[in-house]
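> Below is the file data.pdb, with PDB, C-alpha atoms.
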```pdb
ATOM      1  CA  MET A   1      19.673  26.082  -0.133
ATOM      2  CA  SER A   2      17.747  29.001   1.290
ATOM      3  CA  GLU A   3      16.068  28.819   4.681
ATOM      4  CA  LEU A   4      12.663  28.801   2.974
ATOM      5  CA  ALA A   5      13.606  25.930   0.674
ATOM      6  CA  GLY A   6      15.006  23.999   3.628
ATOM      7  CA  ALA A   7      11.827  24.554   5.632
ATOM      8  CA  GLU A   8       9.658  23.510   2.668
ATOM      9  CA  ALA A   9      11.715  20.317   2.277
ATOM     10  CA  LYS A  10      11.211  19.519   5.970
ATOM     11  CA  VAL A  11       7.451  20.095   5.635
ATOM     12  CA  ARG A  12       7.292  17.714   2.642
ATOM     13  CA  GLU A  13       9.288  15.093   4.546
ATOM     14  CA  THR A  14       7.024  15.440   7.599
ATOM     15  CA  GLU A  15       3.875  15.190   5.454
ATOM     16  CA  SER A  16       5.288  12.060   3.834
ATOM     17  CA  ARG A  17       5.984  10.488   7.237
ATOM     18  CA  ILE A  18       2.479  11.346   8.469
ATOM     19  CA  LEU A  19       0.926   9.677   5.409
ATOM     20  CA  GLU A  20       3.205   6.666   5.871
ATOM     21  CA  ALA A  21       2.085   6.350   9.501
ATOM     22  CA  LYS A  22      -1.615   6.643   8.584
ATOM     23  CA  LEU A  23      -1.304   3.909   5.981
ATOM     24  CA  ALA A  24       0.569   1.603   8.338
ATOM     25  CA  VAL A  25      -2.122   2.120  10.982
ATOM     26  CA  ALA A  26      -4.790   1.189   8.419
ATOM     27  CA  GLU A  27      -2.899  -2.037   7.685
ATOM     28  CA  ALA A  28      -2.662  -2.821  11.386
ATOM     29  CA  GLU A  29      -6.385  -2.159  11.888
ATOM     30  CA  ALA A  30      -7.165  -4.573   9.052
ATOM     31  CA  ASP A  31      -5.268  -7.369  10.843
ATOM     32  CA  LYS A  32      -8.396  -8.197  12.850
ATOM     33  CA  GLU A  33     -10.473  -8.675   9.718
ATOM     34  CA  PHE A  34      -7.736 -10.725   8.015
ATOM     35  CA  LEU A  35      -7.870 -13.197  10.882
ATOM     36  CA  LYS A  36     -11.589 -13.759  10.226
ATOM     37  CA  VAL A  37     -11.086 -14.550   6.527
ATOM     38  CA  PRO A  38      -9.717 -17.935   5.466
ATOM     39  CA  PRO A  39      -6.519 -17.896   3.392
ATOM     40  CA  LEU A  40      -6.951 -17.393  -0.338
ATOM     41  CA  ALA A  41      -5.975 -19.984  -2.910
ATOM     42  CA  THR A  42      -3.517 -18.904  -5.577
ATOM     43  CA  GLY A  43      -5.321 -16.689  -8.081
ATOM     44  CA  GLU A  44      -8.286 -16.111  -5.760
ATOM     45  CA  TYR A  45      -9.849 -12.642  -5.374
ATOM     46  CA  ARG A  46     -11.994 -11.487  -2.464
ATOM     47  CA  GLU A  47     -13.735  -8.228  -1.531
ATOM     48  CA  THR A  48     -15.039  -7.279   1.901
ATOM     49  CA  PRO A  49     -16.363  -3.935   3.131
ATOM     50  CA  SER A  50     -12.883  -3.139   4.514
ATOM     51  CA  PHE A  51     -10.460  -4.576   1.973
ATOM     52  CA  ILE A  52      -9.912  -6.216  -1.400
ATOM     53  CA  ARG A  53      -7.369  -8.996  -1.688
ATOM     54  CA  TYR A  54      -5.914 -10.804  -4.665
ATOM     55  CA  ASN A  55      -3.523 -13.736  -4.180
ATOM     56  CA  GLY A  56      -1.652 -13.542  -7.452
ATOM     57  CA  ALA A  57       0.804 -16.238  -8.487
ATOM     58  CA  ALA A  58       3.542 -13.893  -9.731
ATOM     59  CA  LEU A  59       6.801 -13.825  -7.836
ATOM     60  CA  TRP A  60       6.669 -10.184  -6.772
ATOM     61  CA  ALA A  61       9.852  -8.247  -6.019
ATOM     62  CA  LEU A  62      10.366  -4.559  -5.303
ATOM     63  CA  ALA A  63      12.395  -4.324  -8.512
ATOM     64  CA  ASP A  64       9.079  -4.885 -10.337
ATOM     65  CA  ALA A  65       7.797  -1.559  -8.994
ATOM     66  CA  LYS A  66       9.261   0.166 -12.064
ATOM     67  CA  LYS A  67       6.789  -1.716 -14.302
ATOM     68  CA  ILE A  68       3.883  -0.550 -12.156
ATOM     69  CA  GLU A  69       5.177   3.020 -12.138
ATOM     70  CA  LYS A  70       5.503   2.933 -15.933
ATOM     71  CA  PHE A  71       1.946   1.620 -16.360
ATOM     72  CA  PHE A  72       0.528   4.313 -14.074
ATOM     73  CA  LEU A  73       2.492   7.145 -15.699
ATOM     74  CA  GLN A  74       1.400   6.079 -19.184
ATOM     75  CA  ARG A  75      -2.228   5.667 -18.118
ATOM     76  CA  PHE A  76      -2.662   8.754 -15.942
ATOM     77  CA  ALA A  77       0.195  11.072 -17.024
ATOM     78  CA  ARG A  78       1.390  11.493 -13.450
ATOM     79  CA  PRO A  79       3.719   9.560 -11.155
ATOM     80  CA  LEU A  80       2.443   6.656  -9.084
ATOM     81  CA  PRO A  81       1.715   8.061  -5.589
ATOM     82  CA  ILE A  82       4.030   5.748  -3.640
ATOM     83  CA  SER A  83       3.738   6.176   0.114
ATOM     84  CA  ALA A  84       6.069   3.355   1.196
ATOM     85  CA  LEU A  85       8.667   1.483  -0.832
ATOM     86  CA  GLY A  86       9.898  -1.464   1.173
ATOM     87  CA  GLN A  87      10.529  -1.381   4.897
ATOM     88  CA  THR A  88       9.931   1.952   6.636
ATOM     89  CA  SER A  89      10.517   3.121  10.180
ATOM     90  CA  VAL A  90       6.749   2.977  10.798
ATOM     91  CA  HIS A  91       6.597  -0.660   9.700
ATOM     92  CA  GLU A  92       9.617  -1.373  11.933
ATOM     93  CA  ARG A  93       7.902   0.180  14.960
ATOM     94  CA  MET A  94       4.738  -1.807  14.223
ATOM     95  CA  GLY A  95       6.688  -5.059  13.932
ATOM     96  CA  LEU A  96       5.702  -5.651  10.304
ATOM     97  CA  ASP A  97       7.939  -7.126   7.617
ATOM     98  CA  HIS A  98       7.294  -4.765   4.712
ATOM     99  CA  ARG A  99      10.659  -5.303   2.972
ATOM    100  CA  ASN A 100       9.143  -6.670  -0.228
ATOM    101  CA  ALA A 101       6.036  -4.484  -0.405
ATOM    102  CA  LEU A 102       4.951  -1.229  -1.965
ATOM    103  CA  ASP A 103       2.169   1.012  -0.647
ATOM    104  CA  VAL A 104       0.320   3.269  -3.065
ATOM    105  CA  ALA A 105      -1.756   6.173  -1.752
ATOM    106  CA  LEU A 106      -4.869   5.541  -3.840
ATOM    107  CA  HIS A 107      -8.366   4.658  -2.693
ATOM    108  CA  PRO A 108      -9.186   1.243  -4.160
ATOM    109  CA  ASP A 109     -12.639   2.375  -5.293
ATOM    110  CA  SER A 110     -11.321   5.393  -7.223
ATOM    111  CA  PRO A 111     -10.900   5.111 -11.006
ATOM    112  CA  GLU A 112      -7.105   5.160 -10.570
ATOM    113  CA  GLY A 113      -7.263   2.541  -7.818
ATOM    114  CA  ARG A 114      -9.491   0.262  -9.915
ATOM    115  CA  ALA A 115      -7.180   0.643 -12.917
ATOM    116  CA  LEU A 116      -4.120  -0.156 -10.819
ATOM    117  CA  MET A 117      -5.768  -3.239  -9.299
ATOM    118  CA  GLY A 118      -6.831  -4.363 -12.782
ATOM    119  CA  TYR A 119      -3.225  -4.063 -13.958
ATOM    120  CA  LEU A 120      -1.975  -5.985 -10.911
ATOM    121  CA  ARG A 121      -4.481  -8.784 -11.483
ATOM    122  CA  GLN A 122      -3.585  -8.979 -15.168
ATOM    123  CA  ALA A 123       0.099  -9.250 -14.172
ATOM    124  CA  ARG A 124      -0.864 -11.765 -11.431
ATOM    125  CA  ILE A 125       0.786  -9.561  -8.773
ATOM    126  CA  PRO A 126      -0.648 -10.089  -5.268
ATOM    127  CA  PHE A 127      -2.135  -7.104  -3.435
ATOM    128  CA  VAL A 128      -4.342  -5.992  -0.588
ATOM    129  CA  ALA A 129      -6.368  -2.808  -1.010
ATOM    130  CA  PHE A 130      -7.604  -1.108   2.140
ATOM    131  CA  ARG A 131     -10.801   0.922   2.100
ATOM    132  CA  ASN A 132     -10.764   1.841   5.784
ATOM    133  CA  ARG A 133     -10.365   5.347   6.996
ATOM    134  CA  VAL A 134      -8.154   5.901   9.993
ATOM    135  CA  SER A 135      -9.914   7.616  12.893
ATOM    136  CA  GLY A 136      -9.082  11.301  13.038
ATOM    137  CA  SER A 137      -7.534  11.506   9.578
ATOM    138  CA  ALA A 138      -8.732  12.183   6.070
ATOM    139  CA  THR A 139      -7.809   8.793   4.655
ATOM    140  CA  GLY A 140      -6.180   5.531   5.498
ATOM    141  CA  ALA A 141      -7.117   3.895   2.234
ATOM    142  CA  HIS A 142      -4.304   2.543   0.067
ATOM    143  CA  ILE A 143      -3.170  -0.340  -2.078
ATOM    144  CA  HIS A 144      -0.491  -2.619  -0.646
ATOM    145  CA  VAL A 145       1.350  -4.345  -3.511
ATOM    146  CA  GLY A 146       2.923  -7.676  -2.647
ATOM    147  CA  ARG A 147       2.071 -10.384  -0.158
ATOM    148  CA  PRO A 148       0.526  -9.154   3.110
ATOM    149  CA  SER A 149       3.117  -7.963   5.600
ATOM    150  CA  VAL A 150       3.745 -10.498   8.303
ATOM    151  CA  ARG A 151       4.227  -9.609  11.921
ATOM    152  CA  THR A 152       7.847  -9.947  13.054
ATOM    153  CA  VAL A 153       7.024  -9.432  16.743
ATOM    154  CA  SER A 154       3.902 -10.169  18.728
ATOM    155  CA  ARG A 155       1.863  -7.300  20.071
TER     156      ARG A 155
END
```
Please lay out the structure from this file as C-alpha coordinates.


Amino acid sequence: MSELAGAEAKVRETESRILEAKLAVAEAEADKEFLKVPPLATGEYRETPSFIRYNGAALWALADAKKIEKFFLQRFARPLPISALGQTSVHERMGLDHRNALDVALHPDSPEGRALMGYLRQARIPFVAFRNRVSGSATGAHIHVGRPSVRTVSR
(Lines of atoms letter the chains of each structure in order from A and count residues from 1; the text may use other names and numbers.)
(Lines give C-alpha, C1' and ligand atoms only; values in the text may rest on other atoms or scores of the structure.)
Protein backbone atom coordinates (compact mmCIF):
# COMPACT_ATOMS: atom_id res chain seq x y z
CA MET A 1 0.00 0.00 0.00
CA SER A 2 1.41 3.37 -0.95
CA GLU A 3 1.77 6.17 1.58
CA LEU A 4 -1.04 8.07 -0.15
CA ALA A 5 -3.40 5.09 -0.03
CA GLY A 6 -2.55 4.54 3.63
CA ALA A 7 -3.21 8.19 4.44
CA GLU A 8 -6.52 8.12 2.52
CA ALA A 9 -7.58 5.01 4.46
CA LYS A 10 -6.80 6.76 7.75
CA VAL A 11 -8.82 9.81 6.66
CA ARG A 12 -11.82 7.59 5.81
CA GLU A 13 -11.53 5.81 9.15
CA THR A 14 -11.32 9.13 11.02
CA GLU A 15 -14.33 10.53 9.13
CA SER A 16 -16.28 7.39 9.99
CA ARG A 17 -15.41 7.75 13.69
CA ILE A 18 -16.41 11.43 13.67
CA LEU A 19 -19.80 10.57 12.15
CA GLU A 20 -20.23 7.75 14.66
CA ALA A 21 -19.53 10.15 17.52
CA LYS A 22 -21.96 12.78 16.17
CA LEU A 23 -24.74 10.22 15.89
CA ALA A 24 -24.12 8.87 19.38
CA VAL A 25 -24.23 12.41 20.77
CA ALA A 26 -27.58 12.96 19.04
CA GLU A 27 -28.92 9.81 20.71
CA ALA A 28 -27.68 10.99 24.09
CA GLU A 29 -29.26 14.43 23.60
CA ALA A 30 -32.58 12.75 22.81
CA ASP A 31 -32.52 10.92 26.17
CA LYS A 32 -34.07 13.97 27.85
CA GLU A 33 -37.02 13.98 25.46
CA PHE A 34 -37.49 10.20 25.75
CA LEU A 35 -37.96 10.60 29.49
CA LYS A 36 -40.86 13.00 28.87
CA VAL A 37 -42.71 10.59 26.56
CA PRO A 38 -44.61 7.63 28.01
CA PRO A 39 -43.57 4.18 26.78
CA LEU A 40 -45.13 3.03 23.52
CA ALA A 41 -47.40 0.02 23.26
CA THR A 42 -46.37 -2.70 20.83
CA GLY A 43 -47.07 -1.50 17.29
CA GLU A 44 -47.45 2.13 18.36
CA TYR A 45 -45.91 4.97 16.32
CA ARG A 46 -45.15 8.46 17.59
CA GLU A 47 -43.62 11.60 16.07
CA THR A 48 -42.26 14.59 17.97
CA PRO A 49 -40.29 17.57 16.69
CA SER A 50 -37.06 15.78 17.70
CA PHE A 51 -37.67 12.12 16.92
CA ILE A 52 -39.92 9.48 15.40
CA ARG A 53 -40.37 6.19 17.21
CA TYR A 54 -42.00 2.94 16.21
CA ASN A 55 -42.31 0.07 18.70
CA GLY A 56 -42.49 -2.82 16.28
CA ALA A 57 -43.26 -6.34 17.46
CA ALA A 58 -40.60 -8.10 15.38
CA LEU A 59 -37.76 -9.78 17.21
CA TRP A 60 -34.94 -7.69 15.76
CA ALA A 61 -31.40 -9.06 15.53
CA LEU A 62 -28.32 -7.62 13.86
CA ALA A 63 -28.35 -10.59 11.48
CA ASP A 64 -31.52 -9.04 10.01
CA ALA A 65 -29.48 -6.05 8.82
CA LYS A 66 -28.80 -7.89 5.56
CA LYS A 67 -32.52 -7.74 4.69
CA ILE A 68 -32.55 -3.99 5.26
CA GLU A 69 -29.38 -3.53 3.22
CA LYS A 70 -30.91 -5.55 0.38
CA PHE A 71 -34.11 -3.48 0.42
CA PHE A 72 -32.17 -0.21 0.34
CA LEU A 73 -29.81 -1.34 -2.43
CA GLN A 74 -32.70 -2.51 -4.60
CA ARG A 75 -34.69 0.67 -3.97
CA PHE A 76 -31.94 3.28 -4.25
CA ALA A 77 -29.15 1.48 -6.18
CA ARG A 78 -26.58 2.35 -3.52
CA PRO A 79 -25.46 0.76 -0.26
CA LEU A 80 -27.26 1.52 2.99
CA PRO A 81 -25.23 4.26 4.73
CA ILE A 82 -24.52 2.38 7.97
CA SER A 83 -22.77 4.50 10.57
CA ALA A 84 -22.77 1.99 13.45
CA LEU A 85 -23.35 -1.76 13.36
CA GLY A 86 -23.69 -3.02 16.90
CA GLN A 87 -21.63 -1.79 19.81
CA THR A 88 -19.00 0.85 19.01
CA SER A 89 -16.31 2.48 21.10
CA VAL A 90 -18.40 5.68 21.20
CA HIS A 91 -21.40 3.80 22.59
CA GLU A 92 -19.08 2.14 25.13
CA ARG A 93 -17.75 5.52 26.30
CA MET A 94 -21.30 6.86 26.57
CA GLY A 95 -22.43 3.85 28.61
CA LEU A 96 -25.01 2.73 26.04
CA ASP A 97 -25.82 -0.87 25.16
CA HIS A 98 -25.91 -0.71 21.36
CA ARG A 99 -25.01 -4.38 20.77
CA ASN A 100 -28.24 -5.21 18.95
CA ALA A 101 -28.73 -1.94 17.07
CA LEU A 102 -27.89 -0.46 13.71
CA ASP A 103 -27.49 3.26 12.99
CA VAL A 104 -28.16 4.55 9.49
CA ALA A 105 -26.89 7.98 8.45
CA LEU A 106 -30.10 9.22 6.83
CA HIS A 107 -32.29 12.14 7.84
CA PRO A 108 -35.71 10.71 8.72
CA ASP A 109 -37.53 13.38 6.71
CA SER A 110 -35.57 12.71 3.51
CA PRO A 111 -37.16 10.53 0.81
CA GLU A 112 -34.66 7.76 1.58
CA GLY A 113 -35.29 8.06 5.32
CA ARG A 114 -39.07 7.92 4.83
CA ALA A 115 -38.75 4.89 2.56
CA LEU A 116 -36.52 3.10 5.06
CA MET A 117 -38.90 3.83 7.95
CA GLY A 118 -41.82 2.61 5.82
CA TYR A 119 -39.96 -0.65 5.17
CA LEU A 120 -39.16 -1.03 8.87
CA ARG A 121 -42.78 -0.47 9.86
CA GLN A 122 -43.99 -2.94 7.24
CA ALA A 123 -41.52 -5.50 8.63
CA ARG A 124 -42.57 -4.52 12.20
CA ILE A 125 -38.94 -3.71 13.09
CA PRO A 126 -38.62 -1.19 15.95
CA PHE A 127 -36.72 2.05 15.34
CA VAL A 128 -36.06 5.54 16.58
CA ALA A 129 -35.34 8.26 14.02
CA PHE A 130 -33.57 11.37 15.25
CA ARG A 131 -34.15 14.71 13.56
CA ASN A 132 -31.90 16.74 15.85
CA ARG A 133 -28.79 18.42 14.66
CA VAL A 134 -25.77 18.27 16.91
CA SER A 135 -24.42 21.69 17.87
CA GLY A 136 -21.39 22.62 15.80
CA SER A 137 -21.84 19.90 13.19
CA ALA A 138 -23.65 19.52 9.90
CA THR A 139 -25.98 16.75 11.03
CA GLY A 140 -26.80 14.51 13.91
CA ALA A 141 -29.89 13.09 12.28
CA HIS A 142 -30.05 9.32 11.79
CA ILE A 143 -32.23 6.26 12.06
CA HIS A 144 -31.51 3.87 14.92
CA VAL A 145 -32.82 0.40 14.00
CA GLY A 146 -33.71 -1.82 16.93
CA ARG A 147 -34.94 -1.13 20.43
CA PRO A 148 -33.62 2.09 22.01
CA SER A 149 -30.17 1.67 23.52
CA VAL A 150 -30.30 1.37 27.26
CA ARG A 151 -27.83 3.00 29.57
CA THR A 152 -25.38 0.53 31.11
CA VAL A 153 -23.91 3.07 33.54
CA SER A 154 -25.41 6.14 35.15
CA ARG A 155 -24.13 9.54 34.15

> Ranking A:Ile18, A:Ala84, A:Met94, A:Ala141 by minimum distance to Ser110 of chain A and counting only C-alpha atoms, which one comes first?

A:Ala141

> Show me as a list of chain:residue names the residues that reach within 8 Å of (-2.4, -8.2, -2.3), counting only C-alpha atoms and using the file's own coordinates.

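The requested residues, written out, are A:Ile52, A:Arg53, A:Tyr54, A:Asn55, A:Gly56, A:Ile125, A:Pro126, A:Phe127, A:Val128, A:Ala129, A:Ile143, A:His144, A:Val145, A:Gly146, A:Arg147, A:Pro148.
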
> Just how far from atom CA of Ala105 of chain A is atom CA of Glu13 of chain A, in Å to one decimal?

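Straight-line distance from atom CA of Glu13 of chain A to atom CA of Ala105 of chain A works out to 15.5 Å.
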
> What does the distance from atom CA of Arg78 of chain A to atom CA of His98 of chain A come to in Å, to one decimal?

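Separating atom CA of Arg78 of chain A from atom CA of His98 of chain A is a distance of 25.1 Å.
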
> Once the PyMOL selection byres ((chain A and resi 124) around 6) is applied to the coordinates I shared, what remains selected? I want it as a PDB file with C-alpha atoms, in the coordinates of the input.


```pdb
ATOM      1  CA  GLY A  56      -1.652 -13.542  -7.452  1.00  0.00           C
ATOM      2  CA  ALA A  57       0.804 -16.238  -8.487  1.00  0.00           C
ATOM      3  CA  ALA A  58       3.542 -13.893  -9.731  1.00  0.00           C
ATOM      4  CA  LEU A 120      -1.975  -5.985 -10.911  1.00  0.00           C
ATOM      5  CA  ARG A 121      -4.481  -8.784 -11.483  1.00  0.00           C
ATOM      6  CA  GLN A 122      -3.585  -8.979 -15.168  1.00  0.00           C
ATOM      7  CA  ALA A 123       0.099  -9.250 -14.172  1.00  0.00           C
ATOM      8  CA  ILE A 125       0.786  -9.561  -8.773  1.00  0.00           C
TER       9      ILE A 125
END
```

> Quick one: everything within 10 Å of Leu62 of chain A, counting all atoms listed in the file, minus sequence neighbours fewer than 3 positions away in the same chain. Send it as number ranges by chain.

A: 65-66, 85-86, 99-102, 145-146
